[in-house]
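Pasting coords_2.cif here (mmCIF, C-alpha atoms and all ligand atoms):
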data_my_file
#
loop_
_atom_site.label_atom_id
_atom_site.label_comp_id
_atom_site.auth_asym_id
_atom_site.auth_seq_id
_atom_site.Cartn_x
_atom_site.Cartn_y
_atom_site.Cartn_z
CA MET A 1 -14.76 -13.34 9.91
CA ASN A 2 -11.56 -15.35 9.66
CA VAL A 3 -9.31 -13.31 7.42
CA LEU A 4 -6.09 -14.56 5.86
CA VAL A 5 -3.78 -11.55 5.53
CA VAL A 6 -1.22 -12.44 2.88
CA GLY A 7 1.77 -10.16 3.44
CA GLY A 8 0.44 -9.43 6.93
CA ALA A 9 3.94 -8.74 8.27
CA GLY A 10 4.52 -5.96 5.72
CA TYR A 11 3.83 -2.25 6.05
CA ILE A 12 0.19 -2.00 4.99
CA GLY A 13 -0.69 -5.63 5.85
CA SER A 14 0.51 -5.27 9.45
CA HIS A 15 -1.64 -2.19 9.99
CA CYS A 16 -4.59 -4.03 8.51
CA VAL A 17 -4.07 -6.94 10.91
CA ARG A 18 -4.48 -4.57 13.86
CA GLN A 19 -7.51 -2.85 12.35
CA LEU A 20 -9.11 -6.27 11.75
CA GLU A 21 -8.71 -7.02 15.45
CA VAL A 22 -10.22 -3.64 16.37
CA ALA A 23 -13.21 -4.44 14.11
CA GLY A 24 -13.74 -7.81 15.83
CA HIS A 25 -12.41 -10.04 13.03
CA THR A 26 -9.81 -12.79 13.38
CA PRO A 27 -6.70 -12.07 11.30
CA ILE A 28 -4.41 -14.96 10.36
CA VAL A 29 -1.06 -13.89 8.87
CA LEU A 30 0.68 -15.57 5.95
CA ASP A 31 4.07 -14.06 5.13
CA ASN A 32 7.36 -15.43 3.81
CA LEU A 33 9.25 -12.67 5.69
CA VAL A 34 11.27 -11.75 2.59
CA LYS A 35 10.14 -8.13 3.12
CA GLY A 36 7.94 -8.45 6.20
CA HIS A 37 8.83 -8.18 9.87
CA LYS A 38 7.74 -10.86 12.31
CA GLU A 39 7.94 -8.31 15.15
CA SER A 40 5.00 -6.45 13.62
CA ILE A 41 2.58 -9.34 14.22
CA PRO A 42 0.60 -8.84 17.44
CA GLU A 43 0.82 -11.48 20.15
CA GLY A 44 -1.93 -14.04 19.85
CA VAL A 45 -2.37 -13.68 16.08
CA ALA A 46 -1.79 -16.94 14.18
CA PHE A 47 1.23 -16.67 11.90
CA HIS A 48 2.23 -19.01 9.07
CA GLN A 49 5.63 -18.46 7.50
CA ALA A 50 5.11 -19.63 3.93
CA ASP A 51 5.22 -18.28 0.42
CA LEU A 52 1.90 -17.36 -1.15
CA ALA A 53 2.81 -19.61 -4.10
CA ASP A 54 3.35 -22.65 -1.86
CA SER A 55 -0.02 -24.03 -2.85
CA SER A 56 -0.03 -27.12 -0.63
CA ALA A 57 0.73 -24.97 2.45
CA VAL A 58 -1.78 -22.28 1.43
CA VAL A 59 -4.63 -24.71 0.70
CA LYS A 60 -4.06 -26.39 4.07
CA ILE A 61 -4.07 -23.05 5.93
CA LEU A 62 -7.22 -21.91 4.11
CA LYS A 63 -8.99 -25.10 5.17
CA ASP A 64 -7.55 -25.56 8.68
CA GLU A 65 -8.15 -21.93 9.67
CA ALA A 66 -11.65 -21.91 8.07
CA ILE A 67 -10.79 -18.73 6.16
CA ASP A 68 -13.71 -16.59 4.92
CA ILE A 69 -11.78 -13.82 3.17
CA VAL A 70 -8.27 -13.49 1.72
CA MET A 71 -6.59 -10.07 1.74
CA HIS A 72 -3.52 -9.85 -0.47
CA PHE A 73 -0.79 -7.32 0.34
CA ALA A 74 2.30 -9.33 -0.65
CA ALA A 75 3.81 -7.39 -3.55
CA PHE A 76 7.08 -5.88 -4.64
CA ILE A 77 6.37 -2.15 -4.79
CA GLU A 78 9.40 -0.28 -6.06
CA VAL A 79 8.65 1.30 -9.41
CA ALA A 80 12.34 1.85 -10.30
CA GLU A 81 13.25 -1.76 -9.45
CA SER A 82 10.40 -3.00 -11.65
CA MET A 83 11.96 -1.21 -14.63
CA GLN A 84 15.36 -2.81 -13.99
CA ASP A 85 14.04 -6.29 -13.22
CA PRO A 86 10.49 -6.60 -14.59
CA LEU A 87 10.41 -10.40 -14.38
CA LYS A 88 10.98 -10.23 -10.64
CA HIS A 89 7.85 -8.11 -10.34
CA TYR A 90 5.80 -10.21 -12.76
CA GLU A 91 6.74 -13.40 -10.95
CA ASN A 92 5.95 -12.07 -7.49
CA ASN A 93 3.00 -9.82 -8.24
CA VAL A 94 1.25 -11.71 -11.06
CA ALA A 95 2.34 -15.37 -11.15
CA LYS A 96 2.18 -15.79 -7.39
CA THR A 97 -1.19 -14.05 -7.23
CA ILE A 98 -2.53 -16.54 -9.79
CA SER A 99 -1.24 -19.36 -7.59
CA LEU A 100 -2.98 -17.82 -4.56
CA LEU A 101 -6.26 -17.55 -6.49
CA GLN A 102 -5.94 -21.16 -7.58
CA SER A 103 -5.37 -22.25 -3.98
CA MET A 104 -8.49 -20.33 -2.96
CA ARG A 105 -10.52 -22.14 -5.62
CA GLU A 106 -9.19 -25.47 -4.43
CA ALA A 107 -10.07 -24.68 -0.83
CA GLY A 108 -13.47 -23.21 -1.73
CA VAL A 109 -12.70 -19.68 -0.47
CA ASN A 110 -14.24 -17.06 -2.76
CA LYS A 111 -13.84 -13.60 -1.23
CA PHE A 112 -10.74 -11.62 -2.12
CA VAL A 113 -9.39 -8.18 -1.29
CA PHE A 114 -6.57 -6.89 -3.48
CA SER A 115 -4.04 -4.07 -3.00
CA SER A 116 -3.75 -2.17 -6.22
CA SER A 117 -2.22 1.21 -6.88
CA CYS A 118 -2.98 4.47 -8.61
CA THR A 119 0.04 3.69 -10.79
CA VAL A 120 -2.29 1.51 -12.93
CA LEU A 121 -3.47 4.74 -14.59
CA GLY A 122 -0.23 6.23 -15.90
CA GLU A 123 0.66 9.72 -17.00
CA GLU A 124 -2.18 10.47 -19.39
CA ALA A 125 -4.79 10.44 -16.63
CA LYS A 126 -5.71 13.87 -15.33
CA PRO A 127 -6.13 14.11 -11.54
CA PRO A 128 -8.27 13.81 -9.53
CA PHE A 129 -8.36 10.15 -10.59
CA THR A 130 -11.69 8.34 -10.75
CA GLU A 131 -12.16 4.57 -10.87
CA ASP A 132 -13.42 4.50 -14.46
CA MET A 133 -10.23 5.85 -16.08
CA PRO A 134 -8.51 3.45 -18.50
CA LEU A 135 -5.61 1.31 -17.23
CA ARG A 136 -2.44 2.64 -18.87
CA PRO A 137 0.49 2.03 -16.54
CA ILE A 138 3.92 3.34 -17.48
CA SER A 139 5.93 1.00 -15.25
CA ALA A 140 6.25 -2.77 -15.01
CA TYR A 141 5.10 -2.49 -11.39
CA GLY A 142 1.93 -0.62 -12.41
CA GLN A 143 1.37 -3.14 -15.19
CA THR A 144 1.52 -6.06 -12.72
CA LYS A 145 -1.22 -4.42 -10.65
CA ALA A 146 -3.29 -3.71 -13.78
CA ASP A 147 -2.84 -7.32 -14.91
CA VAL A 148 -4.20 -8.67 -11.64
CA GLU A 149 -7.13 -6.23 -11.83
CA VAL A 150 -8.02 -7.71 -15.24
CA ILE A 151 -7.53 -11.28 -13.97
CA LEU A 152 -9.94 -10.53 -11.12
CA ASP A 153 -12.51 -9.22 -13.57
CA TYR A 154 -12.45 -12.56 -15.40
CA CYS A 155 -12.32 -14.63 -12.20
CA THR A 156 -15.33 -12.93 -10.60
CA LYS A 157 -17.32 -13.53 -13.78
CA ALA A 158 -16.18 -17.13 -14.30
CA TYR A 159 -15.93 -18.59 -10.81
CA GLY A 160 -18.51 -16.66 -8.80
CA MET A 161 -15.84 -15.24 -6.57
CA SER A 162 -16.20 -11.70 -5.29
CA ALA A 163 -13.33 -9.23 -5.10
CA ALA A 164 -12.61 -5.72 -3.90
CA ILE A 165 -9.72 -3.85 -5.52
CA PHE A 166 -8.27 -0.86 -3.68
CA ARG A 167 -6.10 1.57 -5.57
CA TYR A 168 -3.89 3.23 -3.02
CA PHE A 169 -2.35 6.60 -3.47
CA ASN A 170 0.71 7.23 -1.24
CA ALA A 171 0.36 5.01 1.82
CA SER A 172 2.02 6.72 4.77
CA GLY A 173 1.97 7.23 8.52
CA ALA A 174 2.05 4.67 11.31
CA ALA A 175 -0.23 3.13 13.89
CA GLU A 176 -1.29 5.20 16.88
CA GLY A 177 1.33 5.16 19.62
CA GLY A 178 4.09 4.34 17.11
CA VAL A 179 3.95 0.60 17.87
CA ILE A 180 4.29 -0.46 14.24
CA GLY A 181 5.27 1.52 11.16
CA GLU A 182 7.14 1.72 7.88
CA ASP A 183 10.42 -0.18 7.58
CA HIS A 184 11.55 -0.78 4.01
CA ASP A 185 15.01 -1.89 3.00
CA PRO A 186 16.18 0.06 1.10
CA GLU A 187 13.93 2.98 1.98
CA THR A 188 12.92 5.02 -1.07
CA HIS A 189 9.76 6.79 0.13
CA LEU A 190 9.65 10.51 0.69
CA ILE A 191 8.31 10.83 4.26
CA PRO A 192 10.60 8.24 5.87
CA ILE A 193 13.61 9.64 4.02
CA ALA A 194 12.86 13.18 5.22
CA ILE A 195 12.46 11.80 8.74
CA GLN A 196 15.83 10.01 8.48
CA VAL A 197 17.39 13.41 7.77
CA ALA A 198 15.60 14.90 10.80
CA LEU A 199 16.94 12.04 12.92
CA GLY A 200 20.49 12.73 11.73
CA GLN A 201 20.72 9.38 9.90
CA ARG A 202 21.25 11.16 6.57
CA GLU A 203 23.05 14.42 6.11
CA LYS A 204 20.58 15.64 3.48
CA MET A 205 18.14 14.37 0.90
CA LEU A 206 17.43 14.80 -2.79
CA VAL A 207 14.37 16.41 -4.34
CA PHE A 208 13.76 14.72 -7.67
CA GLY A 209 12.83 17.50 -10.07
CA ASP A 210 11.58 21.05 -9.49
CA ASP A 211 10.48 21.76 -13.05
CA TYR A 212 7.16 19.91 -13.07
CA PRO A 213 4.00 21.78 -14.10
CA THR A 214 2.88 22.11 -10.47
CA PRO A 215 2.61 25.19 -8.19
CA ASP A 216 6.12 24.84 -6.69
CA GLY A 217 7.60 22.70 -9.48
CA THR A 218 7.81 19.50 -7.39
CA CYS A 219 5.55 16.45 -7.74
CA LEU A 220 2.12 16.38 -6.17
CA ARG A 221 1.01 13.22 -4.37
CA ASP A 222 -1.95 12.16 -2.24
CA TYR A 223 -0.60 10.92 1.11
CA VAL A 224 -3.11 8.67 2.84
CA HIS A 225 -2.72 7.08 6.26
CA VAL A 226 -2.29 3.27 6.43
CA ASP A 227 -4.92 2.93 9.15
CA ASP A 228 -7.41 4.78 6.96
CA LEU A 229 -6.57 2.43 4.08
CA SER A 230 -7.12 -0.56 6.36
CA ARG A 231 -10.50 0.68 7.56
CA ALA A 232 -11.75 1.02 3.99
CA HIS A 233 -10.83 -2.59 3.24
CA ILE A 234 -12.78 -3.87 6.21
CA ALA A 235 -15.76 -1.68 5.37
CA ALA A 236 -16.03 -3.53 2.04
CA PHE A 237 -16.53 -6.97 3.60
CA PRO A 238 -20.36 -6.88 3.58
CA GLN A 239 -20.34 -6.16 -0.16
CA LEU A 240 -18.31 -9.30 -0.82
CA GLU A 241 -21.19 -11.47 0.36
CA GLU A 242 -22.69 -11.13 -3.11
CA THR A 243 -21.03 -13.63 -5.44
CA GLY A 244 -19.65 -12.48 -8.76
CA LYS A 245 -19.12 -8.93 -7.51
CA LEU A 246 -16.07 -6.87 -8.51
CA LEU A 247 -15.58 -3.58 -6.69
CA THR A 248 -12.88 -1.01 -7.41
CA TYR A 249 -12.12 1.91 -5.12
CA ASN A 250 -9.59 4.72 -5.07
CA LEU A 251 -8.24 5.46 -1.62
CA GLY A 252 -6.71 8.87 -1.07
CA THR A 253 -7.53 12.03 0.86
CA GLY A 254 -8.05 13.96 -2.37
CA THR A 255 -5.77 16.75 -1.16
CA PRO A 256 -2.38 16.72 -2.89
CA ALA A 257 0.87 17.81 -1.28
CA SER A 258 4.12 18.67 -3.04
CA VAL A 259 7.53 17.25 -2.19
CA LEU A 260 8.55 20.62 -0.70
CA GLU A 261 5.37 20.77 1.40
CA ILE A 262 6.17 17.35 2.84
CA ILE A 263 9.71 18.43 3.68
CA LYS A 264 8.31 21.55 5.41
CA ALA A 265 5.82 19.42 7.38
CA VAL A 266 8.62 17.13 8.58
CA GLU A 267 10.67 20.20 9.60
CA GLU A 268 7.71 21.55 11.58
CA VAL A 269 6.85 18.27 13.28
CA SER A 270 10.45 17.31 14.12
CA GLY A 271 11.71 20.80 14.86
CA LYS A 272 14.81 20.01 12.75
CA PRO A 273 15.98 21.55 9.47
CA ILE A 274 15.89 19.19 6.46
CA PRO A 275 18.66 20.17 4.04
CA TYR A 276 18.12 19.00 0.48
CA ASP A 277 19.73 19.17 -2.95
CA LEU A 278 17.81 19.46 -6.18
CA ALA A 279 18.31 16.43 -8.43
CA PRO A 280 17.04 15.47 -11.88
CA ARG A 281 13.56 13.98 -12.27
CA ARG A 282 13.27 10.33 -11.18
CA ALA A 283 12.29 7.97 -14.01
CA GLY A 284 8.66 6.88 -13.86
CA ASP A 285 7.41 9.76 -11.68
CA VAL A 286 4.20 11.43 -12.85
CA PRO A 287 3.84 15.15 -12.06
CA SER A 288 0.61 14.83 -10.13
CA ALA A 289 -1.49 11.99 -8.72
CA TYR A 290 -4.40 12.46 -6.35
CA ALA A 291 -7.67 10.70 -5.80
CA ASP A 292 -11.31 11.32 -6.21
CA SER A 293 -12.44 9.00 -3.40
CA ALA A 294 -16.13 9.89 -3.66
CA LYS A 295 -17.06 6.30 -4.51
CA ALA A 296 -15.44 4.87 -1.35
CA LYS A 297 -17.03 7.65 0.65
CA SER A 298 -20.54 6.94 -0.62
CA ASP A 299 -20.43 3.10 -0.91
CA LEU A 300 -18.31 2.34 2.17
CA ASP A 301 -19.07 5.41 4.28
CA TRP A 302 -15.31 5.92 4.35
CA THR A 303 -13.69 9.18 5.37
CA PRO A 304 -9.99 9.42 6.18
CA LYS A 305 -9.49 10.23 9.87
CA TYR A 306 -6.00 11.55 9.16
CA ASP A 307 -7.04 14.40 6.89
CA THR A 308 -4.01 16.67 7.17
CA ILE A 309 -0.40 16.17 6.14
CA ARG A 310 0.65 17.26 9.62
CA SER A 311 -1.36 14.48 11.33
CA ILE A 312 0.10 11.87 8.96
CA VAL A 313 3.67 13.11 9.43
CA GLU A 314 3.19 13.26 13.22
CA SER A 315 2.19 9.60 13.30
CA ALA A 316 5.17 8.62 11.11
CA TRP A 317 7.49 10.70 13.29
CA ALA A 318 6.27 8.92 16.47
CA TRP A 319 7.16 5.53 14.96
CA HIS A 320 10.56 6.52 13.56
CA GLN A 321 11.55 8.37 16.72
CA SER A 322 10.82 5.34 18.89
CA HIS A 323 12.25 2.88 16.30
CA PRO A 324 15.08 4.80 14.60
CA ASN A 325 16.40 1.59 13.04
CA GLY A 326 13.02 0.06 12.28
CA TYR A 327 12.15 -3.36 13.70
CA ASP A 328 15.64 -4.83 13.64
CA LYS A 329 17.26 -2.85 16.39
CA ALA A 330 14.20 -1.39 18.09
N1 LIG B 401 10.94 11.94 -3.72
C1 LIG B 401 12.00 12.82 -3.63
N2 LIG B 401 13.09 12.44 -2.92
C2 LIG B 401 13.18 11.22 -2.30
C3 LIG B 401 12.09 10.32 -2.39
C4 LIG B 401 10.98 10.72 -3.12
O1 LIG B 401 11.97 13.92 -4.19
O2 LIG B 401 14.22 10.94 -1.69
C5 LIG B 401 9.73 12.35 -4.46
C6 LIG B 401 9.44 11.45 -5.64
O3 LIG B 401 10.15 11.84 -6.77
C7 LIG B 401 7.93 11.63 -5.77
C8 LIG B 401 7.46 11.87 -4.33
O4 LIG B 401 8.62 12.23 -3.60
O5 LIG B 401 7.67 12.80 -6.50
C9 LIG B 401 6.86 10.63 -3.70
O6 LIG B 401 7.77 9.54 -3.87
P1 LIG B 401 7.64 8.16 -3.10
O7 LIG B 401 8.80 7.33 -3.52
O8 LIG B 401 7.44 8.41 -1.65
O9 LIG B 401 6.27 7.56 -3.64
P2 LIG B 401 5.81 7.24 -5.13
O10 LIG B 401 4.73 8.24 -5.44
O11 LIG B 401 6.91 7.20 -6.08
O12 LIG B 401 5.30 5.75 -5.04
C10 LIG B 401 4.53 5.28 -3.96
C11 LIG B 401 4.74 3.74 -3.82
C12 LIG B 401 4.19 3.00 -5.01
C13 LIG B 401 2.79 3.42 -5.25
C14 LIG B 401 2.71 4.93 -5.39
C15 LIG B 401 1.34 5.45 -5.59
O13 LIG B 401 6.12 3.43 -3.71
O14 LIG B 401 4.24 1.62 -4.76
O15 LIG B 401 3.21 5.55 -4.20
O16 LIG B 401 1.42 6.84 -5.80
F1 LIG B 401 2.29 2.82 -6.34
#
Turn the structure described in the file into C-alpha cells.
Amino acid sequence: MNVLVVGGAGYIGSHCVRQLEVAGHTPIVLDNLVKGHKESIPEGVAFHQADLADSSAVVKILKDEAIDIVMHFAAFIEVAESMQDPLKHYENNVAKTISLLQSMREAGVNKFVFSSSCTVLGEEAKPPFTEDMPLRPISAYGQTKADVEVILDYCTKAYGMSAAIFRYFNASGAAEGGVIGEDHDPETHLIPIAIQVALGQREKMLVFGDDYPTPDGTCLRDYVHVDDLSRAHIAAFPQLEETGKLLTYNLGTGTPASVLEIIKAVEEVSGKPIPYDLAPRRAGDVPSAYADSAKAKSDLDWTPKYDTIRSIVESAWAWHQSHPNGYDKA
C-alpha cells in the first residue's frame, strides 16, 4: 500500500514510517517540519514539506503518489499548552484535520488512520480504560482529539470512508539501535526528562505530586513502545478495506507504572542516580490511566513486544545516549 504519513517526521510518525517499510508498504511523508525532524526520514522515502491544511498541495500529493491510506500524526500534544492557548490546539488538531479530510474526499482517498489519546476519557473514567467509555476530556488537547473522533464517526457514515482510531497511552521508547527517537522542544515527558538528568543535562527533576490515591502516591501511567504502537496501526489496514467502517482501539501494555518506578528504572538502566524534588500536582494530570487493550489483541492479533518498563527505558536510553542533543547536534 502507498501510505501518506502526515506528521511522518515527528516522534510517533517517524517510527511508523520505518515499521511501514518493514511490513512491505511504501510510506510517503508529509510534514511541515514545525515540530518534526527531517533527519528522522529514512533515505529513499519520498518527503513533501507542506502543511496538512495546504489543500492544493495535499490533493496533488494524494493523486500523484497514488495514496491508498492516510495516517495522521500531526498534532500539538502538550496538555498544559492546550489550556493556555486552546485555539492553537483547535486550529492545528481540529481545523487542519478537517482540511485534510476534505482533501482526501477531493482526491478520492477513503482510508484514514487517526492518532487519538486516552486523554479523551478524562478523570471520571476508572482504569483499565475500555473503548466504550464516554468521551469526557478535561483538557482542550483531549477535547480536540475527542472532536475528531466524533467527526470521523459522521464521516464514515456519510461518505463511505473507513477509519481506525488509536487511543495511545504514554508513547515512549525508541527504535531498535537508537537510530531515531524522541526529540521534543521543550521536552516535558517523564522518561526523556529522567534520562536528561542521568546524562548530566539537568541537575535534578521534579516529581509532580506524591499525594495521589496510588500505591506510592505518584501518578500511574501505561508506557507503551512507539514501535508497538506503529505495528498495531499497520495490522488494522485489512479492516479498512470495508467501506463505512469505524474502528477504535486502545493501545497500552495494560501494566501501569508510577513516576517513582520510572525514575528507578532509569537509574537502573543508566547506572546513574536521578535526584528529584517533590513539586505540587501538575494541572490536568489524572491519578491513573492504563489500558485494557483486549480489543486490539483479539481483532488485530496485537501484543506489545516491549512488555516491561525496563525494555522500554533501555531503548529510550540507547537513543538519548547516542543523540544527547536530539537530531540537531547528533
Ligand atoms: N511527570 C513528572 N515530572 C516531569 C514530567 C512528568 O512528575 O518532569 C509526571 C507527570 O506529572 C505524569 C507522568 O509523569 O504523572 C507522565 O507525564 P508525561 O508528561 O510524560 O505524560 P502525560 O501522561 O502527561 O501525557 C502524555 C502525552 C499526551 C498523551 C498522554 C496520554 O504528552 O499527549 O501521555 O497519557 F495524551
* Determine, counting all atoms listed in the file, which protein, DNA and RNA residues have an atom within 6 Å of an atom of region 258-267 of chain A; residues of the same chain fewer than 3 positions away are not included. Present the result as a count of residues only. => 7
Per residue of chain A within 9 Å of ligand LIG 401 (chain B), record the nearest atom pair and its distance in Å to one decimal, counting all atoms listed in the file, with rows in chain order and ascending residue number, as a Markdown table.
| residue | atom | partner | partner_atom | distance |
| --- | --- | --- | --- | --- |
| A:Phe76 | CA | B:LIG401 | O14 | 8.0 |
| A:Ile77 | CA | B:LIG401 | O14 | 4.3 |
| A:Glu78 | CA | B:LIG401 | O13 | 5.5 |
| A:Val79 | CA | B:LIG401 | O14 | 6.4 |
| A:Ala80 | CA | B:LIG401 | O11 | 8.7 |
| A:Ser116 | CA | B:LIG401 | F1 | 7.8 |
| A:Ser117 | CA | B:LIG401 | F1 | 4.8 |
| A:Cys118 | CA | B:LIG401 | C15 | 5.4 |
| A:Thr119 | CA | B:LIG401 | F1 | 5.1 |
| A:Val120 | CA | B:LIG401 | F1 | 8.1 |
| A:Tyr141 | CA | B:LIG401 | O14 | 7.8 |
| A:Gly142 | CA | B:LIG401 | F1 | 7.0 |
| A:Arg167 | CA | B:LIG401 | C15 | 8.4 |
| A:Tyr168 | CA | B:LIG401 | C15 | 6.2 |
| A:Phe169 | CA | B:LIG401 | C15 | 4.4 |
| A:Asn170 | CA | B:LIG401 | O15 | 4.2 |
| A:Ala171 | CA | B:LIG401 | O15 | 6.7 |
| A:Ser172 | CA | B:LIG401 | O8 | 8.6 |
| A:Glu187 | CA | B:LIG401 | O7 | 8.7 |
| A:Thr188 | CA | B:LIG401 | O7 | 5.3 |
| A:His189 | CA | B:LIG401 | O8 | 3.3 |
| A:Leu190 | CA | B:LIG401 | O8 | 3.8 |
| A:Ile191 | CA | B:LIG401 | O8 | 6.4 |
| A:Pro192 | CA | B:LIG401 | O8 | 8.2 |
| A:Ile193 | CA | B:LIG401 | O2 | 5.9 |
| A:Ala194 | CA | B:LIG401 | O2 | 7.4 |
| A:Met205 | CA | B:LIG401 | O2 | 5.8 |
| A:Leu206 | CA | B:LIG401 | N2 | 4.9 |
| A:Val207 | CA | B:LIG401 | O1 | 3.5 |
| A:Phe208 | CA | B:LIG401 | O1 | 4.0 |
| A:Gly209 | CA | B:LIG401 | O1 | 6.9 |
| A:Asp210 | CA | B:LIG401 | O1 | 8.9 |
| A:Thr218 | CA | B:LIG401 | O5 | 6.8 |
| A:Cys219 | CA | B:LIG401 | O5 | 4.4 |
| A:Leu220 | CA | B:LIG401 | O5 | 6.6 |
| A:Arg221 | CA | B:LIG401 | O10 | 6.3 |
| A:Asp222 | CA | B:LIG401 | O16 | 7.2 |
| A:Tyr223 | CA | B:LIG401 | O16 | 8.3 |
| A:Ser258 | CA | B:LIG401 | O5 | 7.7 |
| A:Val259 | CA | B:LIG401 | O4 | 5.3 |
| A:Leu260 | CA | B:LIG401 | O1 | 8.3 |
| A:Ile262 | CA | B:LIG401 | O4 | 8.6 |
| A:Tyr276 | CA | B:LIG401 | N2 | 8.9 |
| A:Leu278 | CA | B:LIG401 | O1 | 8.3 |
| A:Ala279 | CA | B:LIG401 | O1 | 8.0 |
| A:Arg281 | CA | B:LIG401 | O3 | 6.8 |
| A:Arg282 | CA | B:LIG401 | O3 | 5.6 |
| A:Ala283 | CA | B:LIG401 | O3 | 8.5 |
| A:Gly284 | CA | B:LIG401 | O11 | 8.0 |
| A:Asp285 | CA | B:LIG401 | O3 | 6.0 |
| A:Val286 | CA | B:LIG401 | O5 | 7.4 |
| A:Pro287 | CA | B:LIG401 | O5 | 7.1 |
| A:Ser288 | CA | B:LIG401 | O5 | 8.2 |
| A:Ala289 | CA | B:LIG401 | O16 | 6.6 |
| A:Tyr290 | CA | B:LIG401 | O16 | 8.1 |
* **Close residues, region 52-55 of chain A itself excluded, 10 Å, all atoms listed in the file, min 6 positions apart in chain, as number ranges by chain** => A: 6-7, 30-32, 61, 72, 74, 92, 95-104, 106
Writing out the chosen residues with C-alpha atoms as a compact mmCIF listing (two decimals), in the frame of the given file:
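Result file is result.txt:
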# COMPACT_ATOMS: atom_id res chain seq x y z
CA VAL A 6 -1.22 -12.44 2.88
CA GLY A 7 1.77 -10.16 3.44
CA LEU A 30 0.68 -15.57 5.95
CA ASP A 31 4.07 -14.06 5.13
CA ASN A 32 7.36 -15.43 3.81
CA ILE A 61 -4.07 -23.05 5.93
CA HIS A 72 -3.52 -9.85 -0.47
CA ALA A 74 2.30 -9.33 -0.65
CA ASN A 92 5.95 -12.07 -7.49
CA ALA A 95 2.34 -15.37 -11.15
CA LYS A 96 2.18 -15.79 -7.39
CA THR A 97 -1.19 -14.05 -7.23
CA ILE A 98 -2.53 -16.54 -9.79
CA SER A 99 -1.24 -19.36 -7.59
CA LEU A 100 -2.98 -17.82 -4.56
CA LEU A 101 -6.26 -17.55 -6.49
CA GLN A 102 -5.94 -21.16 -7.58
CA SER A 103 -5.37 -22.25 -3.98
CA MET A 104 -8.49 -20.33 -2.96
CA GLU A 106 -9.19 -25.47 -4.43
When you look at Ser14 (chain A) with a cut-off of 12 Å (counting only C-alpha atoms), what residues show up, excluding the ones that are within fewer than 3 positions of it in the same chain? I need them as a PDB file with C-alpha atoms, in the frame of the given file.
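This went into around15.pdb:
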ATOM      1  CA  LEU A   4      -6.090 -14.560   5.860  1.00  0.00           C
ATOM      2  CA  VAL A   5      -3.780 -11.550   5.530  1.00  0.00           C
ATOM      3  CA  VAL A   6      -1.220 -12.440   2.880  1.00  0.00           C
ATOM      4  CA  GLY A   7       1.770 -10.160   3.440  1.00  0.00           C
ATOM      5  CA  GLY A   8       0.440  -9.430   6.930  1.00  0.00           C
ATOM      6  CA  ALA A   9       3.940  -8.740   8.270  1.00  0.00           C
ATOM      7  CA  GLY A  10       4.520  -5.960   5.720  1.00  0.00           C
ATOM      8  CA  TYR A  11       3.830  -2.250   6.050  1.00  0.00           C
ATOM      9  CA  VAL A  17      -4.070  -6.940  10.910  1.00  0.00           C
ATOM     10  CA  ARG A  18      -4.480  -4.570  13.860  1.00  0.00           C
ATOM     11  CA  GLN A  19      -7.510  -2.850  12.350  1.00  0.00           C
ATOM     12  CA  LEU A  20      -9.110  -6.270  11.750  1.00  0.00           C
ATOM     13  CA  GLU A  21      -8.710  -7.020  15.450  1.00  0.00           C
ATOM     14  CA  PRO A  27      -6.700 -12.070  11.300  1.00  0.00           C
ATOM     15  CA  ILE A  28      -4.410 -14.960  10.360  1.00  0.00           C
ATOM     16  CA  VAL A  29      -1.060 -13.890   8.870  1.00  0.00           C
ATOM     17  CA  LEU A  30       0.680 -15.570   5.950  1.00  0.00           C
ATOM     18  CA  ASP A  31       4.070 -14.060   5.130  1.00  0.00           C
ATOM     19  CA  LYS A  35      10.140  -8.130   3.120  1.00  0.00           C
ATOM     20  CA  GLY A  36       7.940  -8.450   6.200  1.00  0.00           C
ATOM     21  CA  HIS A  37       8.830  -8.180   9.870  1.00  0.00           C
ATOM     22  CA  LYS A  38       7.740 -10.860  12.310  1.00  0.00           C
ATOM     23  CA  GLU A  39       7.940  -8.310  15.150  1.00  0.00           C
ATOM     24  CA  SER A  40       5.000  -6.450  13.620  1.00  0.00           C
ATOM     25  CA  ILE A  41       2.580  -9.340  14.220  1.00  0.00           C
ATOM     26  CA  PRO A  42       0.600  -8.840  17.440  1.00  0.00           C
ATOM     27  CA  VAL A  45      -2.370 -13.680  16.080  1.00  0.00           C
ATOM     28  CA  PHE A  47       1.230 -16.670  11.900  1.00  0.00           C
ATOM     29  CA  MET A  71      -6.590 -10.070   1.740  1.00  0.00           C
ATOM     30  CA  HIS A  72      -3.520  -9.850  -0.470  1.00  0.00           C
ATOM     31  CA  PHE A  73      -0.790  -7.320   0.340  1.00  0.00           C
ATOM     32  CA  ALA A  74       2.300  -9.330  -0.650  1.00  0.00           C
ATOM     33  CA  ALA A 174       2.050   4.670  11.310  1.00  0.00           C
ATOM     34  CA  ALA A 175      -0.230   3.130  13.890  1.00  0.00           C
ATOM     35  CA  VAL A 179       3.950   0.600  17.870  1.00  0.00           C
ATOM     36  CA  ILE A 180       4.290  -0.460  14.240  1.00  0.00           C
ATOM     37  CA  GLY A 181       5.270   1.520  11.160  1.00  0.00           C
ATOM     38  CA  GLU A 182       7.140   1.720   7.880  1.00  0.00           C
ATOM     39  CA  ASP A 183      10.420  -0.180   7.580  1.00  0.00           C
ATOM     40  CA  VAL A 226      -2.290   3.270   6.430  1.00  0.00           C
ATOM     41  CA  ASP A 227      -4.920   2.930   9.150  1.00  0.00           C
ATOM     42  CA  LEU A 229      -6.570   2.430   4.080  1.00  0.00           C
ATOM     43  CA  SER A 230      -7.120  -0.560   6.360  1.00  0.00           C
TER      44      SER A 230
END
* Pick out the residues sitting within 7 Å of Ala164 (chain A), and hand them over as a PyMOL selection string; count all atoms listed in the file, and ignore anything fewer than 6 positions along from it in its own chain. => chain A and resi 112-114+246-248
* Asked: Can you tell me how far CA of Tyr159 (chain A) sits from CA of Asp147 (chain A), in Å to one decimal?
  ->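 CA of Tyr159 (chain A) sits 17.8 Å away from CA of Asp147 (chain A).
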* Which distance in Å separates CA of Asp292 (chain A) and CA of Ile234 (chain A), to one decimal? -> 19.7 Å
* Work out how far CA of Ala107 (chain A) is from CA of Ala57 (chain A), in Å to one decimal. => 11.3 Å
* Which neighbours of Glu314 (chain A) fall inside 7 Å, counting only C-alpha atoms, when residues of the same chain fewer than 4 positions from it are skipped, and could you give them as a PyMOL selection string? -> chain A and resi 269+310+318
